[in-house]
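Colleague: The file below is model.txt, compact mmCIF, C-alpha atoms:
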# COMPACT_ATOMS: atom_id res chain seq x y z
CA MET A 1 12.68 -27.29 32.68
CA LEU A 2 10.26 -27.31 35.61
CA ASN A 3 13.02 -27.83 38.13
CA SER A 4 13.57 -24.11 38.30
CA VAL A 5 10.65 -23.68 40.70
CA SER A 6 11.48 -26.63 42.90
CA VAL A 7 13.59 -25.43 45.78
CA ALA A 8 14.64 -27.17 48.93
CA LYS A 9 13.20 -25.53 52.03
CA THR A 10 15.12 -25.57 55.31
CA GLY A 11 11.97 -26.40 57.20
CA SER A 12 8.25 -26.34 56.56
CA SER A 13 7.65 -23.71 59.24
CA SER A 14 10.33 -21.31 58.02
CA ILE A 15 9.01 -18.09 56.56
CA PRO A 16 9.83 -17.68 52.85
CA LYS A 17 12.42 -15.03 52.07
CA VAL A 18 10.03 -13.29 49.68
CA LEU A 19 7.54 -12.72 52.49
CA LEU A 20 10.20 -11.54 54.91
CA GLN A 21 11.40 -9.08 52.30
CA ALA A 22 7.82 -7.97 51.59
CA LYS A 23 7.30 -7.39 55.30
CA LYS A 24 10.47 -5.32 55.50
CA GLU A 25 9.43 -3.23 52.52
CA ALA A 26 5.88 -2.82 53.82
CA THR A 27 7.27 -1.55 57.12
CA MET A 28 9.52 0.91 55.27
CA GLN A 29 6.64 2.07 53.10
CA ALA A 30 4.47 2.61 56.16
CA SER A 31 7.22 4.67 57.79
CA GLY A 32 7.70 6.69 54.62
CA LYS A 33 11.30 5.61 54.09
CA GLU A 34 12.75 4.87 50.67
CA LYS A 35 14.33 1.48 50.01
CA PRO A 36 18.05 2.08 50.72
CA GLY A 37 20.63 1.81 47.95
CA THR A 38 18.11 1.72 45.12
CA ARG A 39 19.65 2.78 41.83
CA LEU A 40 17.48 4.44 39.23
CA GLY A 41 17.86 1.45 36.92
CA GLU A 42 16.37 -0.75 39.61
CA LYS A 43 13.40 1.50 40.02
CA GLY A 44 10.73 1.89 37.45
CA PRO A 45 7.12 1.02 37.91
CA TRP A 46 8.02 -1.61 40.47
CA ASP A 47 9.28 0.91 42.98
CA LYS A 48 6.60 3.48 42.36
CA GLY A 49 3.36 3.97 44.15
CA HIS A 50 1.51 3.10 40.98
CA TRP A 51 2.25 0.85 38.06
CA ALA A 52 0.16 2.05 35.23
CA ASN A 53 1.89 1.02 32.05
CA ARG A 54 -0.37 -1.68 30.84
CA LYS A 55 -0.31 -2.99 27.27
CA MET B 1 -5.54 19.11 49.63
CA PHE B 2 -3.40 18.28 46.58
CA CYS B 3 -5.58 17.18 43.69
CA ARG B 4 -4.19 14.04 42.09
CA SER B 5 -6.49 14.21 39.08
CA VAL B 6 -4.78 14.43 35.69
CA THR B 7 -1.24 14.18 37.07
CA THR B 8 0.14 11.10 35.28
CA PRO B 9 0.06 11.24 31.48
CA ILE B 10 0.08 8.17 29.27
CA VAL B 11 1.34 9.86 26.11
CA LYS B 12 0.67 8.35 22.70
CA PRO B 13 3.01 10.13 20.29
CA VAL B 14 1.78 8.04 17.35
CA ASN B 15 -1.65 7.19 18.79
CA GLY B 16 -2.38 3.51 18.05
CA ALA B 17 0.03 3.08 15.14
CA CYS B 18 2.18 -0.02 15.48
CA ASN B 19 4.51 -2.17 13.40
CA LEU B 20 2.80 -5.24 14.91
CA SER B 21 -0.79 -6.32 14.59
CA CYS B 22 -1.46 -8.21 17.81
CA SER B 23 -4.68 -10.19 17.90
CA TYR B 24 -6.02 -8.59 21.08
CA CYS B 25 -4.85 -5.02 20.55
CA TYR B 26 -7.68 -2.53 20.65
CA THR B 27 -5.96 -0.47 17.97
CA SER B 28 -5.07 -3.33 15.62
CA GLY B 29 -8.14 -2.66 13.49
CA LEU B 30 -7.11 0.92 12.87
CA LYS B 31 -5.05 1.59 9.79
CA GLU B 32 -3.30 4.69 10.99
CA CYS B 33 -0.68 6.55 9.05
CA VAL B 34 2.27 7.13 11.35
CA VAL B 35 3.47 10.30 9.67
CA LYS B 36 0.01 11.86 9.72
CA ASN B 37 -0.60 10.89 13.35
CA ARG B 38 2.78 11.68 14.83
CA MET B 39 2.71 14.31 17.56
CA ARG B 40 4.06 17.55 16.18
CA PRO B 41 6.92 19.33 18.02
CA GLU B 42 4.77 22.26 19.18
CA ILE B 43 2.24 19.83 20.64
CA LEU B 44 5.01 17.85 22.36
CA LYS B 45 6.25 21.03 24.01
CA THR B 46 2.73 21.91 25.14
CA VAL B 47 2.24 18.40 26.56
CA ILE B 48 5.41 18.61 28.63
CA ASP B 49 4.75 22.17 29.76
CA PHE B 50 1.17 21.27 30.70
CA PHE B 51 2.19 18.47 33.07
CA CYS B 52 5.35 20.11 34.44
CA SER B 53 3.84 23.48 35.19
CA ASP B 54 1.94 22.56 38.33
CA GLN B 55 3.69 19.55 39.85
CA ASP B 56 7.22 18.88 41.10
CA ASP B 57 7.52 15.13 40.45
CA ILE B 58 6.27 14.12 37.01
CA GLU B 59 6.13 10.72 35.35
CA PHE B 60 5.68 10.53 31.61
CA ILE B 61 4.52 7.14 30.37
CA TRP B 62 5.26 6.91 26.63
CA HIS B 63 2.89 4.46 25.09
CA GLY B 64 1.27 3.36 21.85
CA GLY B 65 0.64 1.65 19.55
CA GLU B 66 4.38 1.40 19.36
CA PRO B 67 5.97 4.55 20.81
CA LEU B 68 9.35 3.97 19.09
CA LEU B 69 7.63 4.74 15.77
CA ALA B 70 7.77 8.38 16.81
CA GLY B 71 11.52 8.22 16.15
CA LEU B 72 14.59 9.17 18.15
CA LYS B 73 14.41 12.81 17.12
CA PHE B 74 11.02 13.09 18.81
CA TYR B 75 12.34 11.82 22.14
CA ARG B 76 15.49 13.93 21.88
CA GLU B 77 13.22 16.94 21.57
CA ALA B 78 11.21 15.72 24.56
CA ILE B 79 14.37 15.50 26.68
CA GLU B 80 15.43 18.96 25.59
CA ILE B 81 12.07 20.42 26.58
CA GLN B 82 12.14 18.54 29.88
CA HIS B 83 15.66 19.81 30.53
CA ALA B 84 14.36 23.35 30.97
CA TRP B 85 11.94 22.11 33.64
CA ARG B 86 14.63 20.02 35.34
CA GLN B 87 16.75 23.15 35.65
CA ARG B 88 13.85 24.67 37.54
CA GLY B 89 13.97 21.82 40.03
CA LYS B 90 11.35 19.49 38.61
CA LYS B 91 11.92 15.75 38.98
CA ILE B 92 10.95 14.02 35.75
CA THR B 93 10.90 10.28 35.06
CA ASN B 94 10.29 8.73 31.67
CA PHE B 95 8.76 5.26 31.31
CA LEU B 96 8.32 3.68 27.91
CA GLN B 97 6.37 0.54 27.07
CA THR B 98 7.50 -1.06 23.83
CA ASN B 99 7.20 -4.27 21.86
CA ALA B 100 11.04 -4.10 21.64
CA THR B 101 11.21 -5.17 18.00
CA LEU B 102 12.54 -1.79 16.81
CA ILE B 103 15.23 -1.34 19.45
CA THR B 104 18.69 -0.65 18.06
CA PRO B 105 22.01 0.19 19.73
CA GLU B 106 21.24 3.84 18.99
CA TRP B 107 17.99 3.65 20.95
CA ILE B 108 19.83 1.87 23.75
CA ARG B 109 22.42 4.66 23.99
CA PHE B 110 19.65 7.25 24.12
CA PHE B 111 17.65 5.41 26.78
CA LYS B 112 20.72 4.85 28.91
CA GLU B 113 21.94 8.42 28.64
CA ASN B 114 18.55 9.75 29.60
CA ASP B 115 17.52 7.25 32.29
CA PHE B 116 14.46 5.94 30.50
CA LEU B 117 12.79 2.97 32.17
CA ILE B 118 11.79 0.47 29.53
CA GLY B 119 9.07 -2.13 29.84
CA VAL B 120 8.56 -4.79 27.17
CA SER B 121 5.48 -6.75 26.16
CA LEU B 122 6.11 -10.49 25.96
CA ASP B 123 3.44 -13.15 26.32
CA GLY B 124 5.65 -16.04 27.44
CA PRO B 125 7.31 -18.77 25.35
CA LYS B 126 7.50 -18.46 21.57
CA GLU B 127 4.62 -20.88 20.99
CA PHE B 128 2.24 -18.64 22.97
CA HIS B 129 3.69 -15.25 22.11
CA ASP B 130 3.76 -15.85 18.35
CA GLN B 131 0.12 -16.88 18.28
CA VAL B 132 -1.02 -13.41 19.25
CA ARG B 133 1.82 -10.88 18.96
CA ARG B 134 2.45 -10.89 15.24
CA TYR B 135 3.43 -8.68 12.35
CA PRO B 136 0.70 -7.75 9.87
CA THR B 137 2.10 -10.52 7.65
CA GLY B 138 1.20 -13.07 10.31
CA LYS B 139 4.82 -13.75 11.28
CA GLY B 140 5.39 -13.98 15.03
CA SER B 141 7.51 -11.31 16.74
CA TYR B 142 9.12 -13.44 19.47
CA ASP B 143 12.65 -13.58 18.00
CA GLU B 144 12.85 -9.82 17.48
CA VAL B 145 11.40 -9.13 20.94
CA MET B 146 14.02 -11.33 22.59
CA ARG B 147 16.74 -9.61 20.57
CA GLY B 148 15.47 -6.25 21.88
CA ILE B 149 15.35 -7.57 25.45
CA ASP B 150 18.95 -8.78 25.15
CA LEU B 151 20.07 -5.34 24.03
CA LEU B 152 18.23 -3.71 26.93
CA ARG B 153 19.66 -6.24 29.34
CA GLN B 154 23.23 -5.78 28.16
CA ALA B 155 22.82 -2.07 28.79
CA GLU B 156 21.24 -2.77 32.20
CA ILE B 157 18.12 -0.80 31.38
CA PHE B 158 15.67 -3.66 31.02
CA ASN B 159 12.84 -2.98 33.37
CA GLY B 160 10.58 -5.97 33.08
CA ILE B 161 7.79 -7.60 31.19
CA ILE B 162 4.09 -7.17 30.78
CA CYS B 163 2.58 -10.51 29.85
CA SER B 164 -0.98 -10.45 28.57
CA VAL B 165 -3.04 -13.41 29.72
CA SER B 166 -5.50 -14.71 27.17
CA THR B 167 -7.22 -17.93 26.15
CA VAL B 168 -3.94 -18.84 24.43
CA ASN B 169 -1.75 -18.99 27.55
CA HIS B 170 -3.91 -18.87 30.71
CA GLY B 171 -3.92 -22.65 31.07
CA PHE B 172 -0.14 -22.81 31.40
CA PRO B 173 0.89 -20.66 34.39
CA LYS B 174 3.70 -23.01 35.45
CA ARG B 175 5.17 -23.16 31.97
CA ILE B 176 5.00 -19.38 31.63
CA PHE B 177 6.48 -18.75 35.08
CA ASN B 178 9.32 -21.17 34.47
CA PHE B 179 9.98 -19.68 31.07
CA PHE B 180 10.53 -16.23 32.56
CA ILE B 181 12.71 -17.58 35.38
CA VAL B 182 14.86 -19.64 33.02
CA LYS B 183 15.26 -16.58 30.77
CA ASN B 184 16.28 -14.61 33.86
CA ILE B 185 13.34 -12.24 33.39
CA LYS B 186 12.39 -11.51 36.97
CA LYS B 187 10.26 -8.38 36.88
CA LEU B 188 6.82 -9.34 35.70
CA LYS B 189 3.35 -8.01 35.35
CA PHE B 190 0.44 -10.10 34.18
CA ALA B 191 -2.54 -8.40 32.60
CA ARG B 192 -5.86 -9.95 31.65
CA VAL B 193 -6.72 -9.32 28.01
CA LYS B 194 -9.71 -7.02 28.04
CA SER B 195 -12.55 -6.64 25.64
CA ILE B 196 -12.01 -3.03 24.64
CA GLY B 197 -11.75 -0.94 21.55
CA HIS B 198 -11.93 -1.89 17.95
CA CYS B 199 -10.51 -5.36 17.58
CA ASP B 200 -12.92 -7.75 15.90
CA ASN B 201 -11.73 -11.05 17.28
CA VAL B 202 -10.72 -10.05 20.81
CA SER B 203 -13.67 -11.82 22.44
CA SER B 204 -12.18 -15.19 21.50
CA LEU B 205 -9.06 -14.26 23.49
CA VAL B 206 -10.66 -12.76 26.61
CA ILE B 207 -10.56 -14.99 29.68
CA SER B 208 -13.09 -14.89 32.50
CA PRO B 209 -12.39 -13.41 35.96
CA THR B 210 -12.42 -16.99 37.30
CA GLN B 211 -9.79 -18.12 34.81
CA TYR B 212 -7.64 -15.10 35.56
CA ALA B 213 -7.89 -15.62 39.33
CA ASP B 214 -6.96 -19.29 38.88
CA PHE B 215 -3.96 -18.22 36.82
CA MET B 216 -2.78 -15.63 39.35
CA ILE B 217 -3.28 -17.96 42.32
CA THR B 218 -1.04 -20.53 40.67
CA ILE B 219 1.53 -17.85 39.86
CA PHE B 220 1.47 -16.76 43.51
CA ASP B 221 2.04 -20.32 44.69
CA LEU B 222 4.94 -20.72 42.25
CA TRP B 223 6.45 -17.41 43.38
CA LEU B 224 6.23 -18.49 46.99
CA GLU B 225 7.68 -21.91 46.25
CA LEU B 226 10.59 -20.54 44.26
CA ASP B 227 11.22 -18.02 47.05
CA ASP B 228 13.63 -15.86 45.08
CA PRO B 229 13.49 -12.24 46.34
CA GLU B 230 14.68 -11.04 42.94
CA VAL B 231 11.44 -12.19 41.35
CA GLU B 232 8.97 -9.32 41.43
CA ILE B 233 5.43 -9.83 40.22
CA ARG B 234 3.71 -6.51 40.41
CA ASP B 235 0.18 -7.50 41.26
CA ILE B 236 1.26 -10.08 43.81
CA GLN B 237 3.80 -7.78 45.39
CA SER B 238 1.15 -5.09 45.67
CA VAL B 239 -1.39 -7.38 47.35
CA VAL B 240 1.17 -9.00 49.67
CA GLY B 241 2.59 -5.60 50.60
CA LEU B 242 -0.82 -4.16 51.39
CA ILE B 243 -1.74 -7.15 53.54
CA LEU B 244 1.51 -6.70 55.42
CA GLY B 245 0.86 -3.01 56.09
CA GLY B 246 2.57 -1.37 53.10
CA ASN B 247 1.12 1.31 50.89
CA LYS B 248 2.49 0.78 47.36
CA ARG B 249 -0.35 0.03 45.02
CA GLU B 250 -0.70 -1.03 41.45
CA CYS B 251 -2.99 1.43 39.65
CA ILE B 252 -5.90 -1.03 39.74
CA TYR B 253 -5.81 -0.92 43.55
CA MET B 254 -5.47 2.84 43.92
CA GLY B 255 -9.08 3.91 43.51
CA GLN B 256 -7.66 6.96 41.71
CA CYS B 257 -8.38 6.25 38.09
CA ASP B 258 -8.72 10.00 37.51
CA GLN B 259 -4.99 10.37 38.15
CA PHE B 260 -4.10 8.70 34.84
CA VAL B 261 -4.94 10.32 31.55
CA THR B 262 -4.21 9.46 27.95
CA VAL B 263 -2.74 12.19 25.80
CA TYR B 264 -3.17 11.65 22.07
CA SER B 265 -0.97 13.07 19.35
CA ASP B 266 -3.26 16.05 18.81
CA GLY B 267 -2.90 16.99 22.48
CA SER B 268 -6.39 15.90 23.50
CA ILE B 269 -6.69 14.56 27.04
CA TYR B 270 -8.89 11.56 27.78
CA GLY B 271 -9.29 9.22 30.72
CA CYS B 272 -7.21 6.08 31.29
CA ASP B 273 -6.19 4.16 28.20
CA SER B 274 -8.53 1.32 29.19
CA PHE B 275 -11.28 3.55 27.77
CA PRO B 276 -9.78 4.53 24.42
CA LYS B 277 -11.16 7.86 23.18
CA THR B 278 -14.37 7.59 25.15
CA ASP B 279 -16.34 10.82 24.71
CA ASP B 280 -17.59 10.82 28.30
CA LEU B 281 -13.97 10.82 29.47
CA CYS B 282 -12.70 13.67 27.31
CA PHE B 283 -11.28 16.18 29.77
CA GLY B 284 -9.97 18.77 27.34
CA SER B 285 -6.61 19.39 25.77
CA VAL B 286 -3.05 20.36 26.67
CA PHE B 287 -3.83 23.69 25.05
CA ASP B 288 -6.24 24.41 27.90
CA LYS B 289 -5.00 25.64 31.23
CA PRO B 290 -4.35 22.82 33.74
CA THR B 291 -6.86 24.41 36.09
CA ALA B 292 -9.50 24.31 33.33
CA VAL B 293 -8.84 20.60 32.66
CA LYS B 294 -8.89 19.76 36.36
CA SER B 295 -12.25 21.45 36.75
CA ASN B 296 -13.68 19.95 33.56
CA SER B 297 -17.29 18.86 34.12
CA GLN B 298 -16.75 15.35 32.68
CA LEU B 299 -13.82 14.86 35.04
CA GLN B 300 -15.98 16.01 37.98
CA ILE B 301 -18.63 13.46 37.01
CA PHE B 302 -15.98 10.72 36.74
CA ARG B 303 -14.51 11.66 40.12
CA GLU B 304 -17.95 11.58 41.73
CA LEU B 305 -18.54 8.16 40.17
CA LEU B 306 -15.26 6.84 41.63
CA GLU B 307 -16.29 8.14 45.06
CA LYS B 308 -19.72 6.47 44.78
CA ARG B 309 -18.04 3.20 43.84
CA LYS B 310 -15.69 3.42 46.81
CA GLU B 311 -18.61 4.17 49.09
CA PHE B 312 -20.43 1.12 47.77
CA CYS B 313 -17.40 -1.11 48.40
CA ARG B 314 -16.28 0.35 51.73
CA ALA B 315 -17.95 -2.33 53.85
CA CYS B 316 -16.11 -5.13 52.04
CA ASN B 317 -13.33 -6.88 53.97
CA TRP B 318 -11.00 -6.39 51.03
CA TYR B 319 -11.68 -2.73 50.41
CA PHE B 320 -8.32 -1.89 51.99
CA ILE B 321 -6.70 -3.60 48.99
CA CYS B 322 -8.85 -2.90 45.98
CA LYS B 323 -10.42 0.52 46.78
CA GLY B 324 -13.19 -0.16 44.31
CA GLY B 325 -10.90 -1.75 41.73
CA CYS B 326 -10.08 -0.97 38.13
CA ALA B 327 -12.68 1.33 36.56
CA LYS B 328 -12.66 -0.82 33.46
CA ASP B 329 -12.26 -4.38 34.73
CA CYS B 330 -14.63 -4.36 37.66
CA TYR B 331 -17.70 -2.70 36.19
CA GLU B 332 -20.27 -3.51 33.54
CA GLN B 333 -20.47 0.02 32.20
CA LEU B 334 -18.70 3.30 32.66
CA ASP B 335 -21.55 4.66 34.79
CA SER B 336 -22.06 1.51 36.91
CA VAL B 337 -21.68 2.01 40.65
CA GLU B 338 -22.01 -1.61 41.71
CA PRO B 339 -19.05 -3.81 40.68
CA LEU B 340 -19.53 -7.02 38.71
CA SER B 341 -20.15 -9.81 41.19
CA LYS B 342 -18.07 -12.29 39.19
CA VAL B 343 -15.04 -9.98 39.29
CA CYS B 344 -15.46 -9.32 43.03
CA GLU B 345 -15.89 -13.00 43.90
CA ASN B 346 -12.69 -13.87 42.13
CA LEU B 347 -10.68 -10.95 43.46
CA GLN B 348 -11.82 -11.93 46.95
CA ARG B 349 -10.81 -15.53 46.30
CA TYR B 350 -7.38 -14.37 45.15
CA PHE B 351 -6.89 -12.03 48.15
CA GLU B 352 -8.13 -14.71 50.54
CA HIS B 353 -5.72 -17.26 49.09
CA ILE B 354 -2.75 -14.94 49.55
CA SER B 355 -3.73 -13.83 53.06
CA THR B 356 -4.38 -17.42 54.18
CA LYS B 357 -0.90 -18.40 53.02
CA ILE B 358 0.64 -15.42 54.79
CA ARG B 359 -1.24 -16.16 58.01
CA SER B 360 -0.11 -19.78 57.85
CA TYR B 361 3.40 -18.60 58.69
CA GLY B 362 2.29 -17.23 62.03
CA SER B 363 1.68 -13.83 63.51
CA TYR B 364 5.14 -12.32 62.92
CA LEU B 365 4.29 -11.26 59.37
CA THR B 366 0.89 -9.75 60.15
CA GLU B 367 1.85 -7.88 63.33
CA ASN B 368 0.87 -4.22 62.92
CA SER B 369 -0.31 -4.96 59.41
CA THR B 370 -3.30 -3.56 57.57
CA PHE B 371 -4.78 -7.04 57.64
CA GLN B 372 -4.66 -7.14 61.42
CA ARG B 373 -5.93 -3.57 61.81
CA GLU B 374 -8.86 -4.15 59.46
CA ARG B 375 -10.04 -7.00 61.61
CA ARG B 376 -9.90 -5.28 64.97
So, in terms of structure tokens, how does the structure I just supplied come out?

Modeller:
Amino acid sequence: MLNSVSVAKTGSSSIPKVLLQAKKEATMQASGKEKPGTRLGEKGPWDKGHWANRK
Amino acid sequence: MFCRSVTTPIVKPVNGACNLSCSYCYTSGLKECVVKNRMRPEILKTVIDFFCSDQDDIEFIWHGGEPLLAGLKFYREAIEIQHAWRQRGKKITNFLQTNATLITPEWIRFFKENDFLIGVSLDGPKEFHDQVRRYPTGKGSYDEVMRGIDLLRQAEIFNGIICSVSTVNHGFPKRIFNFFIVKNIKKLKFARVKSIGHCDNVSSLVISPTQYADFMITIFDLWLELDDPEVEIRDIQSVVGLILGGNKRECIYMGQCDQFVTVYSDGSIYGCDSFPKTDDLCFGSVFDKPTAVKSNSQLQIFRELLEKRKEFCRACNWYFICKGGCAKDCYEQLDSVEPLSKVCENLQRYFEHISTKIRSYGSYLTENSTFQRERR
């Protein structure tokens, strides 16, 4: 079951994809551009400037 | 300048009424009658008109208790009322946070037709979830929740999970993370169970800021190790994004707690739901004019308090992320200006852990970032 988080890296110095994507999104946010090709169903609190729906 | 106060309503059409009786829920001690507490149609119309009248982009967060107990007819009426505002050019988005046990194909059709964004509460694997998220009979709700999630997923309107972190599950971050990944649930939010409201036994479930930071640090490490860009963990994504120069913030890092208000079934307007029906945060009612609510004296006091808190925190290296933090989580009392040192220490530890990891990959990621600017 725990194998799902064990992934082979191409090299220890390579930058994780999640950080590269976060950098890209941060740059877009800073420039005021919307993530391209985002469908409404993919939006939701995760694509909003706030995520308030706690429970 | 545009005033952001009282712009995002967390609407409780049945107040705290729920078909479940979760151990940590601040409303679980209240025996509310759904029929008696359901928001009446004329109040619903006034709620929608109130929030649509003076803004162009409105987000309604339908919340509970269990908001599906209001019934389909209620939400059909809401859509009809919103339609008139949409025709006048208003952009309206509906979010709904549910326990998913009452979802039927009919609900699914409605949500899909009307672009509702649905979040579900699930506390991890069955053995954790069923300990705390139960029916009044004591039976766990896991099987019904997963059935609801499957329906939402088939219709492609499943919008992620909020997982409450308590003494029951905080010691098992890897097991919880793997559970969600294996179940292909990739949009996650973790929330520390708070000691609020009316629940008698919640203190036995509340974890300390240290325990929560430990949990989130492990989750961050697992997220980084898995390295799957489809996995979105709201808090982590917010912190990482801010360090890298972005500006999307989870509400706890906005420093704008006055933006979010709770609207109860009688139309009364209170502060954020983390302070359920707190007299000092009663800002009026949807039957008042928006200008009257926005100039309400209690709201002014709250706004001034938020500013004082931000001023107090401004010298901190991590102010650019937390902006004074959650008005509930970070402070001893509602009128405290100085944040709780234990909360700050652990938030700083969490931010430091993430930024150290990011910096370990070299300067490419932090070029032109907030992190770099803050240190010049």

Colleague: Determine, counting only C-alpha atoms, which protein, DNA and RNA residues have an atom within 8 Å of an atom of Cys322 (chain B); residues of the same chain fewer than 5 positions away are not included. Present the result as number ranges by chain.

Modeller: B: 252-255

Colleague: CA of Thr291 (chain B) to CA of Val6 (chain B): how many Å, to one decimal?

Modeller: 10.2 Å

Colleague: Measuring atom to atom with only C-alpha atoms, identify which of B:Ala100, B:Leu20, B:Val165, B:Ala292 is nearest to Phe50 (chain B).

Modeller: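 The answer is B:Ala292, which sits nearest to Phe50 (chain B).
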
Colleague: Fewer than 2 positions away in the same chain doesn't count, so skip those; otherwise give me all residues within 9 Å of Leu68 (chain B), counting all atoms listed in the file, as a ChimeraX atom specification.

Modeller: /B:13-14,18,63-64,66,70-72,75,96,98-100,102-103,107

Colleague: Interatomic distance between CA of Ile15 (chain A) and CA of Asn317 (chain B)?

Modeller: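 Taking CA of Ile15 (chain A) as the start and CA of Asn317 (chain B) as the end point, the length is 25.1 Å.
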
Colleague: For region 25-31 of chain A, work out the shell of residues within 7 Å, counting all atoms listed in the file and skipping chain neighbours fewer than 5 positions away, then give it as number ranges by chain.

Modeller: B: 241, 244-247

Colleague: Have a look at CA of Ser265 (chain B) and CA of Ser285 (chain B) and let me know their distance in Å, one decimal.

Modeller: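 Between CA of Ser265 (chain B) and CA of Ser285 (chain B) the gap is 10.6 Å.
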
Colleague: Show me, as a compact mmCIF listing (two decimals) with C-alpha atoms, in the frame of the given file, the residues that have an atom within 8 Å of region 122-138 of chain B when counting only C-alpha atoms, minus same-chain residues fewer than 3 positions from it.

Modeller:
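Final output, result.txt:
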# COMPACT_ATOMS: atom_id res chain seq x y z
CA ASN B 19 4.51 -2.17 13.40
CA LEU B 20 2.80 -5.24 14.91
CA SER B 21 -0.79 -6.32 14.59
CA CYS B 22 -1.46 -8.21 17.81
CA SER B 23 -4.68 -10.19 17.90
CA TYR B 24 -6.02 -8.59 21.08
CA ASN B 99 7.20 -4.27 21.86
CA SER B 141 7.51 -11.31 16.74
CA TYR B 142 9.12 -13.44 19.47
CA ASP B 143 12.65 -13.58 18.00
CA VAL B 145 11.40 -9.13 20.94
CA ILE B 161 7.79 -7.60 31.19
CA ILE B 162 4.09 -7.17 30.78
CA CYS B 163 2.58 -10.51 29.85
CA SER B 164 -0.98 -10.45 28.57
CA VAL B 165 -3.04 -13.41 29.72
CA VAL B 168 -3.94 -18.84 24.43
CA ASN B 169 -1.75 -18.99 27.55
CA ILE B 176 5.00 -19.38 31.63
CA PHE B 179 9.98 -19.68 31.07
CA PHE B 180 10.53 -16.23 32.56
